[in-house]
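Engineer: File name upload.pdb; file contents PDB, C-alpha atoms (C1' of nucleotides); full text below.
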ATOM      1  CA  MET A   1      -6.677  25.910  46.080
ATOM      2  CA  GLY A   2      -5.940  22.186  46.447
ATOM      3  CA  LEU A   3      -2.384  23.120  47.367
ATOM      4  CA  THR A   4      -1.119  21.952  50.734
ATOM      5  CA  LYS A   5       1.158  24.373  52.551
ATOM      6  CA  THR A   6       3.776  21.808  53.490
ATOM      7  CA  GLU A   7       6.292  24.369  54.723
ATOM      8  CA  MET A   8       4.243  25.131  57.812
ATOM      9  CA  TYR A   9       4.362  21.601  59.183
ATOM     10  CA  THR A  10       7.081  19.465  60.684
ATOM     11  CA  ASP A  11       8.867  16.889  58.556
ATOM     12  CA  LEU A  12       7.191  14.167  60.564
ATOM     13  CA  GLN A  13       3.737  15.591  60.004
ATOM     14  CA  ASN A  14       4.379  15.784  56.280
ATOM     15  CA  GLU A  15       5.809  12.280  56.203
ATOM     16  CA  ILE A  16       2.859  10.785  58.047
ATOM     17  CA  SER A  17       0.383  12.490  55.758
ATOM     18  CA  LEU A  18       2.248  11.358  52.646
ATOM     19  CA  PHE A  19       2.198   7.715  53.720
ATOM     20  CA  ALA A  20      -1.443   8.052  54.692
ATOM     21  CA  LYS A  21      -2.238   9.542  51.317
ATOM     22  CA  GLY A  22      -0.610   6.499  49.788
ATOM     23  CA  PHE A  23      -3.164   4.316  51.549
ATOM     24  CA  GLY A  24      -5.919   6.804  50.853
ATOM     25  CA  HIS A  25      -7.327   4.909  47.910
ATOM     26  CA  PRO A  26      -8.935   1.455  48.096
ATOM     27  CA  ALA A  27      -7.203   0.346  44.900
ATOM     28  CA  ARG A  28      -3.812   0.938  46.476
ATOM     29  CA  VAL A  29      -4.916  -0.845  49.631
ATOM     30  CA  ALA A  30      -6.046  -3.758  47.481
ATOM     31  CA  ILE A  31      -2.776  -3.808  45.584
ATOM     32  CA  LEU A  32      -0.730  -3.933  48.775
ATOM     33  CA  GLN A  33      -2.947  -6.595  50.326
ATOM     34  CA  HIS A  34      -2.557  -8.692  47.194
ATOM     35  CA  LEU A  35       1.206  -8.306  47.196
ATOM     36  CA  PHE A  36       1.303  -9.540  50.781
ATOM     37  CA  LYS A  37      -1.116 -12.364  50.084
ATOM     38  CA  ILE A  38       0.771 -13.642  47.066
ATOM     39  CA  ASN A  39       3.929 -13.449  49.166
ATOM     40  CA  THR A  40       6.122 -13.334  46.103
ATOM     41  CA  CYS A  41       6.366 -11.094  43.121
ATOM     42  CA  VAL A  42       3.262 -10.348  41.162
ATOM     43  CA  CYS A  43       3.844 -10.381  37.473
ATOM     44  CA  GLY A  44       1.090  -8.404  35.935
ATOM     45  CA  ASP A  45      -2.082 -10.052  37.150
ATOM     46  CA  LEU A  46      -2.948  -7.014  39.224
ATOM     47  CA  VAL A  47      -5.163  -5.653  36.469
ATOM     48  CA  ASN A  48      -7.303  -8.801  36.480
ATOM     49  CA  GLU A  49      -7.196  -8.955  40.261
ATOM     50  CA  ILE A  50      -8.370  -5.415  40.956
ATOM     51  CA  GLY A  51     -10.603  -4.644  38.006
ATOM     52  CA  LEU A  52      -9.434  -1.229  36.890
ATOM     53  CA  ALA A  53      -7.984  -0.404  33.505
ATOM     54  CA  GLN A  54      -4.320  -1.114  32.977
ATOM     55  CA  PRO A  55      -3.202   2.538  32.843
ATOM     56  CA  THR A  56      -5.053   3.227  36.077
ATOM     57  CA  ILE A  57      -3.339   0.365  37.881
ATOM     58  CA  SER A  58      -0.041   1.481  36.451
ATOM     59  CA  GLN A  59      -0.610   4.943  37.888
ATOM     60  CA  HIS A  60      -1.428   3.593  41.353
ATOM     61  CA  LEU A  61       1.671   1.408  41.208
ATOM     62  CA  LYS A  62       3.700   4.463  40.319
ATOM     63  CA  GLU A  63       2.535   6.267  43.441
ATOM     64  CA  LEU A  64       3.367   3.310  45.661
ATOM     65  CA  LYS A  65       6.738   2.995  43.958
ATOM     66  CA  HIS A  66       7.341   6.691  44.518
ATOM     67  CA  LEU A  67       6.767   6.129  48.235
ATOM     68  CA  ASN A  68       9.245   3.257  47.949
ATOM     69  CA  LEU A  69       6.752   0.884  49.518
ATOM     70  CA  ILE A  70       6.953  -1.413  46.509
ATOM     71  CA  GLN A  71       9.596  -2.349  43.979
ATOM     72  CA  GLY A  72       9.247  -3.292  40.349
ATOM     73  CA  ASN A  73      11.720  -5.532  38.596
ATOM     74  CA  VAL A  74      11.652  -6.068  34.866
ATOM     75  CA  GLU A  75      11.436  -9.734  33.941
ATOM     76  CA  GLY A  76      11.371 -10.120  30.191
ATOM     77  CA  THR A  77       8.209  -8.509  28.893
ATOM     78  CA  SER A  78       6.518  -8.370  32.244
ATOM     79  CA  VAL A  79       7.362  -6.563  35.465
ATOM     80  CA  CYS A  80       7.418  -8.166  38.870
ATOM     81  CA  TYR A  81       6.199  -6.124  41.771
ATOM     82  CA  CYS A  82       6.781  -6.791  45.420
ATOM     83  CA  ILE A  83       6.738  -5.089  48.772
ATOM     84  CA  ASN A  84       9.850  -3.210  49.850
ATOM     85  CA  THR A  85      10.034  -4.830  53.259
ATOM     86  CA  LYS A  86      12.647  -2.474  54.634
ATOM     87  CA  LYS A  87      10.710   0.631  53.749
ATOM     88  CA  TRP A  88       7.461  -0.933  54.886
ATOM     89  CA  THR A  89       8.972  -1.551  58.313
ATOM     90  CA  LYS A  90      10.170   2.036  58.575
ATOM     91  CA  MET A  91       6.799   3.336  57.488
ATOM     92  CA  LYS A  92       5.077   1.084  59.977
ATOM     93  CA  GLU A  93       7.157   2.481  62.817
ATOM     94  CA  ILE A  94       6.300   6.032  61.894
ATOM     95  CA  MET A  95       2.622   5.314  61.505
ATOM     96  CA  SER A  96       2.450   3.187  64.639
ATOM     97  CA  GLN A  97       3.999   5.915  66.717
ATOM     98  CA  PHE A  98       1.326   8.267  65.471
ATOM     99  CA  LEU A  99      -1.521   5.818  65.971
ATOM    100  CA  ASN A 100      -0.340   5.004  69.481
ATOM    101  CA  LEU A 101      -0.468   8.565  70.722
ATOM    102  CA  ASP A 102      -3.548   7.537  72.663
ATOM    103  CA  ILE A 103      -1.538   5.450  75.097
ATOM    104  CA  LEU A 104      -0.102   8.681  76.492
ATOM    105  CA  LYS A 105      -3.586   9.992  77.069
ATOM    106  CA  LYS A 106      -4.463  10.020  80.754
ATOM    107  CA  GLU A 107      -8.069  11.074  80.980
ATOM    108  CA  ASP A 108     -11.172  11.444  78.904
ATOM    109  CA  CYS A 109     -12.950  14.741  78.687
ATOM    110  CA  CYS A 110     -16.019  16.439  77.204
TER     111      CYS A 110
ATOM    112  CA  MET B   1     -12.360  11.548  36.814
ATOM    113  CA  GLY B   2     -11.514  12.042  40.485
ATOM    114  CA  LEU B   3     -14.292   9.639  41.368
ATOM    115  CA  THR B   4     -13.323   6.516  43.273
ATOM    116  CA  LYS B   5     -15.218   3.348  42.328
ATOM    117  CA  THR B   6     -15.911   2.240  45.879
ATOM    118  CA  GLU B   7     -18.318  -0.516  44.861
ATOM    119  CA  MET B   8     -15.543  -2.684  43.502
ATOM    120  CA  TYR B   9     -13.669  -2.965  46.787
ATOM    121  CA  THR B  10     -14.372  -4.719  50.053
ATOM    122  CA  ASP B  11     -15.801  -2.788  52.981
ATOM    123  CA  LEU B  12     -12.504  -3.189  54.775
ATOM    124  CA  GLN B  13     -10.527  -1.799  51.874
ATOM    125  CA  ASN B  14     -12.829   1.199  51.702
ATOM    126  CA  GLU B  15     -12.686   1.710  55.448
ATOM    127  CA  ILE B  16      -8.900   1.610  55.562
ATOM    128  CA  SER B  17      -8.624   4.086  52.726
ATOM    129  CA  LEU B  18     -11.120   6.455  54.342
ATOM    130  CA  PHE B  19      -9.212   6.536  57.622
ATOM    131  CA  ALA B  20      -5.966   6.949  55.728
ATOM    132  CA  LYS B  21      -7.441   9.807  53.759
ATOM    133  CA  GLY B  22      -8.314  11.395  57.090
ATOM    134  CA  PHE B  23      -4.627  11.413  57.973
ATOM    135  CA  GLY B  24      -3.693  12.375  54.456
ATOM    136  CA  HIS B  25      -3.187  16.032  55.238
ATOM    137  CA  PRO B  26      -0.515  17.420  57.562
ATOM    138  CA  ALA B  27      -2.952  19.904  59.085
ATOM    139  CA  ARG B  28      -5.172  17.066  60.262
ATOM    140  CA  VAL B  29      -2.166  15.182  61.578
ATOM    141  CA  ALA B  30      -1.133  18.329  63.455
ATOM    142  CA  ILE B  31      -4.645  18.783  64.863
ATOM    143  CA  LEU B  32      -4.748  15.231  66.154
ATOM    144  CA  GLN B  33      -1.258  15.426  67.612
ATOM    145  CA  HIS B  34      -2.208  18.622  69.392
ATOM    146  CA  LEU B  35      -5.379  17.102  70.794
ATOM    147  CA  PHE B  36      -3.340  14.246  72.211
ATOM    148  CA  LYS B  37      -0.637  16.550  73.527
ATOM    149  CA  ILE B  38      -3.055  18.867  75.300
ATOM    150  CA  ASN B  39      -4.670  15.765  76.744
ATOM    151  CA  THR B  40      -7.896  17.632  77.424
ATOM    152  CA  CYS B  41     -10.315  19.558  75.317
ATOM    153  CA  VAL B  42      -9.011  22.239  73.069
ATOM    154  CA  CYS B  43     -11.180  25.290  73.085
ATOM    155  CA  GLY B  44     -10.432  27.134  69.933
ATOM    156  CA  ASP B  45      -6.703  27.724  69.947
ATOM    157  CA  LEU B  46      -6.198  25.353  67.054
ATOM    158  CA  VAL B  47      -6.208  28.236  64.604
ATOM    159  CA  ASN B  48      -3.283  29.909  66.394
ATOM    160  CA  GLU B  49      -1.579  26.574  66.905
ATOM    161  CA  ILE B  50      -1.643  25.415  63.298
ATOM    162  CA  GLY B  51      -1.495  28.653  61.355
ATOM    163  CA  LEU B  52      -4.241  28.247  58.796
ATOM    164  CA  ALA B  53      -7.276  30.466  58.465
ATOM    165  CA  GLN B  54     -10.210  29.760  60.720
ATOM    166  CA  PRO B  55     -12.546  28.460  57.987
ATOM    167  CA  THR B  56      -9.827  26.097  56.810
ATOM    168  CA  ILE B  57      -9.292  24.653  60.267
ATOM    169  CA  SER B  58     -13.030  24.359  60.683
ATOM    170  CA  GLN B  59     -13.213  22.367  57.479
ATOM    171  CA  HIS B  60     -10.457  19.974  58.573
ATOM    172  CA  LEU B  61     -12.177  19.538  61.922
ATOM    173  CA  LYS B  62     -15.379  18.715  60.099
ATOM    174  CA  GLU B  63     -13.680  15.891  58.228
ATOM    175  CA  LEU B  64     -12.206  14.434  61.397
ATOM    176  CA  LYS B  65     -15.594  14.762  63.075
ATOM    177  CA  HIS B  66     -17.198  13.018  60.140
ATOM    178  CA  LEU B  67     -14.825  10.109  60.678
ATOM    179  CA  ASN B  68     -15.862  10.232  64.326
ATOM    180  CA  LEU B  69     -12.238  10.434  65.402
ATOM    181  CA  ILE B  70     -12.904  13.662  67.293
ATOM    182  CA  GLN B  71     -15.851  15.162  69.120
ATOM    183  CA  GLY B  72     -16.863  18.795  69.492
ATOM    184  CA  ASN B  73     -18.787  20.043  72.500
ATOM    185  CA  VAL B  74     -20.235  23.521  72.641
ATOM    186  CA  GLU B  75     -19.062  25.416  75.689
ATOM    187  CA  GLY B  76     -20.505  28.892  75.725
ATOM    188  CA  THR B  77     -19.253  30.768  72.689
ATOM    189  CA  SER B  78     -16.442  28.379  72.016
ATOM    190  CA  VAL B  79     -16.347  24.705  71.089
ATOM    191  CA  CYS B  80     -14.220  22.124  72.846
ATOM    192  CA  TYR B  81     -12.687  19.421  70.728
ATOM    193  CA  CYS B  82     -11.242  16.170  71.875
ATOM    194  CA  ILE B  83     -10.308  12.736  70.627
ATOM    195  CA  ASN B  84     -13.030  10.104  70.489
ATOM    196  CA  THR B  85     -10.989   7.473  72.277
ATOM    197  CA  LYS B  86     -13.358   4.620  71.520
ATOM    198  CA  LYS B  87     -13.360   5.267  67.804
ATOM    199  CA  TRP B  88      -9.639   5.915  67.793
ATOM    200  CA  THR B  89      -9.043   2.494  69.307
ATOM    201  CA  LYS B  90     -11.241   0.824  66.716
ATOM    202  CA  MET B  91      -9.517   2.690  63.918
ATOM    203  CA  LYS B  92      -6.132   1.756  65.307
ATOM    204  CA  GLU B  93      -7.025  -1.921  65.263
ATOM    205  CA  ILE B  94      -8.105  -1.769  61.661
ATOM    206  CA  MET B  95      -5.055   0.163  60.555
ATOM    207  CA  SER B  96      -2.663  -1.954  62.610
ATOM    208  CA  GLN B  97      -3.987  -5.128  61.090
ATOM    209  CA  PHE B  98      -3.293  -3.670  57.667
ATOM    210  CA  LEU B  99       0.142  -2.364  58.573
ATOM    211  CA  ASN B 100       1.110  -5.689  60.109
ATOM    212  CA  LEU B 101       0.450  -7.724  56.994
ATOM    213  CA  ASP B 102       4.215  -7.980  56.639
ATOM    214  CA  ILE B 103       4.540 -10.306  59.592
ATOM    215  CA  LEU B 104       2.803 -12.993  57.515
ATOM    216  CA  LYS B 105       5.369 -12.542  54.801
ATOM    217  CA  LYS B 106       7.777 -15.466  54.678
ATOM    218  CA  GLU B 107      10.356 -14.605  52.114
ATOM    219  CA  ASP B 108      11.774 -11.715  50.173
ATOM    220  CA  CYS B 109      11.867 -11.745  46.416
ATOM    221  CA  CYS B 110      13.025  -9.717  43.399
TER     222      CYS B 110
ATOM    223  C1'  DA C   1     -30.222  46.692  72.917
ATOM    224  C1'  DT C   2     -25.597  46.893  71.310
ATOM    225  C1'  DT C   3     -21.212  45.110  70.724
ATOM    226  C1'  DA C   4     -17.687  41.530  70.830
ATOM    227  C1'  DT C   5     -16.225  36.758  70.407
ATOM    228  C1'  DT C   6     -16.188  32.282  68.516
ATOM    229  C1'  DA C   7     -16.933  28.998  65.160
ATOM    230  C1'  DA C   8     -19.775  27.169  61.238
ATOM    231  C1'  DT C   9     -21.200  27.813  56.493
ATOM    232  C1'  DC C  10     -21.219  29.714  51.779
ATOM    233  C1'  DG C  11     -19.075  30.858  47.659
ATOM    234  C1'  DT C  12     -15.305  30.714  44.873
ATOM    235  C1'  DA C  13     -10.615  29.978  42.913
ATOM    236  C1'  DA C  14      -6.756  27.042  42.307
ATOM    237  C1'  DT C  15      -4.653  22.716  42.410
ATOM    238  C1'  DA C  16      -4.866  17.519  42.934
ATOM    239  C1'  DT C  17      -6.698  13.083  42.045
ATOM    240  C1'  DT C  18      -8.913   9.500  39.518
ATOM    241  C1'  DG C  19      -9.838   6.990  35.395
ATOM    242  C1'  DC C  20      -9.282   5.578  30.770
ATOM    243  C1'  DA C  21      -8.489   5.615  25.506
ATOM    244  C1'  DA C  22      -4.743   6.034  22.653
ATOM    245  C1'  DT C  23      -0.138   5.562  21.968
ATOM    246  C1'  DG C  24       4.622   4.180  22.675
ATOM    247  C1'  DA C  25       8.590   1.314  24.216
ATOM    248  C1'  DA C  26      10.726  -3.025  25.128
ATOM    249  C1'  DC C  27      11.123  -7.467  24.474
ATOM    250  C1'  DA C  28       9.743 -12.415  22.965
ATOM    251  C1'  DA C  29       8.044 -15.540  19.580
ATOM    252  C1'  DA C  30       6.989 -16.687  14.929
TER     253       DA C  30
ATOM    254  C1'  DT D   1      11.317  -8.750  10.065
ATOM    255  C1'  DT D   2       6.728  -9.075  11.599
ATOM    256  C1'  DT D   3       3.540  -9.969  15.194
ATOM    257  C1'  DG D   4       2.044 -10.282  19.857
ATOM    258  C1'  DT D   5       2.508  -9.312  24.753
ATOM    259  C1'  DT D   6       3.218  -6.437  28.630
ATOM    260  C1'  DC D   7       3.495  -2.315  30.833
ATOM    261  C1'  DA D   8       4.590   2.843  30.920
ATOM    262  C1'  DT D   9       3.329   7.342  29.324
ATOM    263  C1'  DT D  10       0.474  10.956  27.324
ATOM    264  C1'  DG D  11      -3.557  13.596  27.028
ATOM    265  C1'  DC D  12      -7.810  14.614  28.542
ATOM    266  C1'  DA D  13     -12.320  14.899  31.157
ATOM    267  C1'  DA D  14     -14.620  14.735  35.496
ATOM    268  C1'  DT D  15     -14.634  15.033  40.281
ATOM    269  C1'  DA D  16     -12.268  16.036  44.820
ATOM    270  C1'  DT D  17      -9.492  18.704  47.846
ATOM    271  C1'  DT D  18      -7.499  22.736  49.832
ATOM    272  C1'  DA D  19      -7.669  27.440  51.184
ATOM    273  C1'  DC D  20      -9.736  31.664  52.400
ATOM    274  C1'  DG D  21     -12.779  36.058  52.304
ATOM    275  C1'  DA D  22     -17.295  37.169  53.473
ATOM    276  C1'  DT D  23     -21.124  36.129  55.943
ATOM    277  C1'  DT D  24     -24.040  34.053  59.387
ATOM    278  C1'  DA D  25     -25.453  32.111  63.924
ATOM    279  C1'  DA D  26     -25.042  31.801  68.672
ATOM    280  C1'  DT D  27     -23.806  33.327  72.841
ATOM    281  C1'  DA D  28     -21.367  36.527  76.227
ATOM    282  C1'  DA D  29     -20.295  40.966  77.921
ATOM    283  C1'  DT D  30     -21.363  45.789  78.361
TER     284       DT D  30
END
Rewrite the structure of this file - the entire thing - as structure tokens.

Structural biologist:
Amino acid sequence: MGLTKTEMYTDLQNEISLFAKGFGHPARVAILQHLFKINTCVCGDLVNEIGLAQPTISQHLKELKHLNLIQGNVEGTSVCYCINTKKWTKMKEIMSQFLNLDILKKEDCC
Amino acid sequence: MGLTKTEMYTDLQNEISLFAKGFGHPARVAILQHLFKINTCVCGDLVNEIGLAQPTISQHLKELKHLNLIQGNVEGTSVCYCINTKKWTKMKEIMSQFLNLDILKKEDCC
DNA sequence: ATTATTAATCGTAATATTGCAATGAACAAA
DNA sequence: TTTGTTCATTGCAATATTACGATTAATAAT
């Protein structure tokens, strides 16, 4: 059905999976890496950088914006994108807590 | 098209996105959390625990197994699942490195 | 041997995601 | 005002994902 039954999970489980889904495409990973690398706003060169068509990049940016992990500020004709540091930090905490569940693990089995 | 153009990204970018996709569903997050919580093998009660149909759980387990994040060992009629600690650690390093890109960031903008 | 239990697989339906051409909106430059 | 630039949106086609009923395979219990 392609339809996730979100109501049967905890808010945290849904939140983790939504962030993960955000990283679940190499183009979005590449976009975020580039934004960090550039270390300032990126004004439009993402299309050249990544190599997908402009509408496709725009769609990926929209998803990242929807997660609030990036911001877009209009600057004349172009738009400047950058990481939303605050949100990124929050996201990182949530994801780290999940990834570090193994430190509670006492023994191996099987 | 629903078809990701993996050839245009680096191996690392593809790897990150594949792991992320693995966490990109709350049922799989719940499965992993449960495996950590139980701290030993889980022999079949995942269906009761999560609340999805047995074939659906089986399918999610298959994906996690394919990523090598969990292992399944046959034990009589049932199958015992547990975290693959080694692989989890490797995955965690890769994901952490990505999540920690913000510590290289010097300044805010926009 | 028959029956019960457990979990994988198959088949199928519904929804989601990915990608891009075409178009539109907003602004700058001429 | 016209033209060019930049990016968002729309519409559509193709593939992927999610979910589950039905079935199968393997073993255990009787």

Engineer: Please provide as a list in words all residues within 10 Å of range 4-13 of chain C, with the sequence filter that same-chain residues fewer than 5 positions apart are discarded (counting all atoms listed in the file).

Structural biologist: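 Returned residues: Met1 and Gly2 of chain A; Cys43, Gly44, Gln54, Pro55, Ser58, Gln59, Lys62, Val74, Gly76, Thr77, Ser78 and Val79 of chain B; DA19, DC20, DG21, DA22, DT23, DT24, DA25, DA26, DT27, DA28, DA29 and DT30 of chain D.
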
Engineer: Give the padded box for range 55-68 of chain B as AutoDock Vina command-line options: axis-aligned, covering all atoms listed in the file, 3 Å on each side, centre and edge lengths in Å to one decimal.

Structural biologist:
--center_x -13.2 --center_y 19.3 --center_z 60.6 --size_x 13.9 --size_y 24.4 --size_z 13.5

Engineer: Applied to the shown file, which residues does the PyMOL selection byres ((chain A) within 6 of (chain B)) return, written as a ChimeraX atom specification?

Structural biologist: /A:13-14,17,20-21,23-26,39-40,105,109

Engineer: With a cut-off of 6 Å and counting only C-alpha atoms (C1' of nucleotides), select all residues of chain C in contact with chain B and give the selection as a ChimeraX atom specification.

Structural biologist: /C:6,17-19

Engineer: Generate a file of the selected residues that holds C-alpha atoms (C1' of nucleotides), formatted as a PDB file, in the frame of the given file.

Structural biologist:
ATOM      1  C1'  DT C   6     -16.188  32.282  68.516  1.00  0.00           C
ATOM      2  C1'  DT C  17      -6.698  13.083  42.045  1.00  0.00           C
ATOM      3  C1'  DT C  18      -8.913   9.500  39.518  1.00  0.00           C
ATOM      4  C1'  DG C  19      -9.838   6.990  35.395  1.00  0.00           C
TER       5       DG C  19
END

Engineer: Can you work out the spacing between CA of Glu7 in chain B and CA of Leu46 in chain A in Å, to one decimal?

Structural biologist: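 Answer for the CA of Glu7 in chain B to CA of Leu46 in chain A separation: 17.6 Å.
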
Engineer: Pull out every residue of chain D that has at least one atom within 9 Å of chain A, counting only C-alpha atoms (C1' of nucleotides), and report them as an MDAnalysis selection string.

Structural biologist: chainID D and resid 5:9 16:19

Engineer: Grab the C1' of DT3 in chain D to C1' of DA30 in chain C distance for me, in Å with one decimal place.

Structural biologist: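 Computed distance, C1' of DT3 in chain D to C1' of DA30 in chain C, equals 7.6 Å.
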
Engineer: What separation in Å, quoted to one decimal, exists between C1' of DG24 in chain C and CA of His66 in chain A?

Structural biologist: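 Taking C1' of DG24 in chain C and CA of His66 in chain A, their separation equals 22.2 Å.
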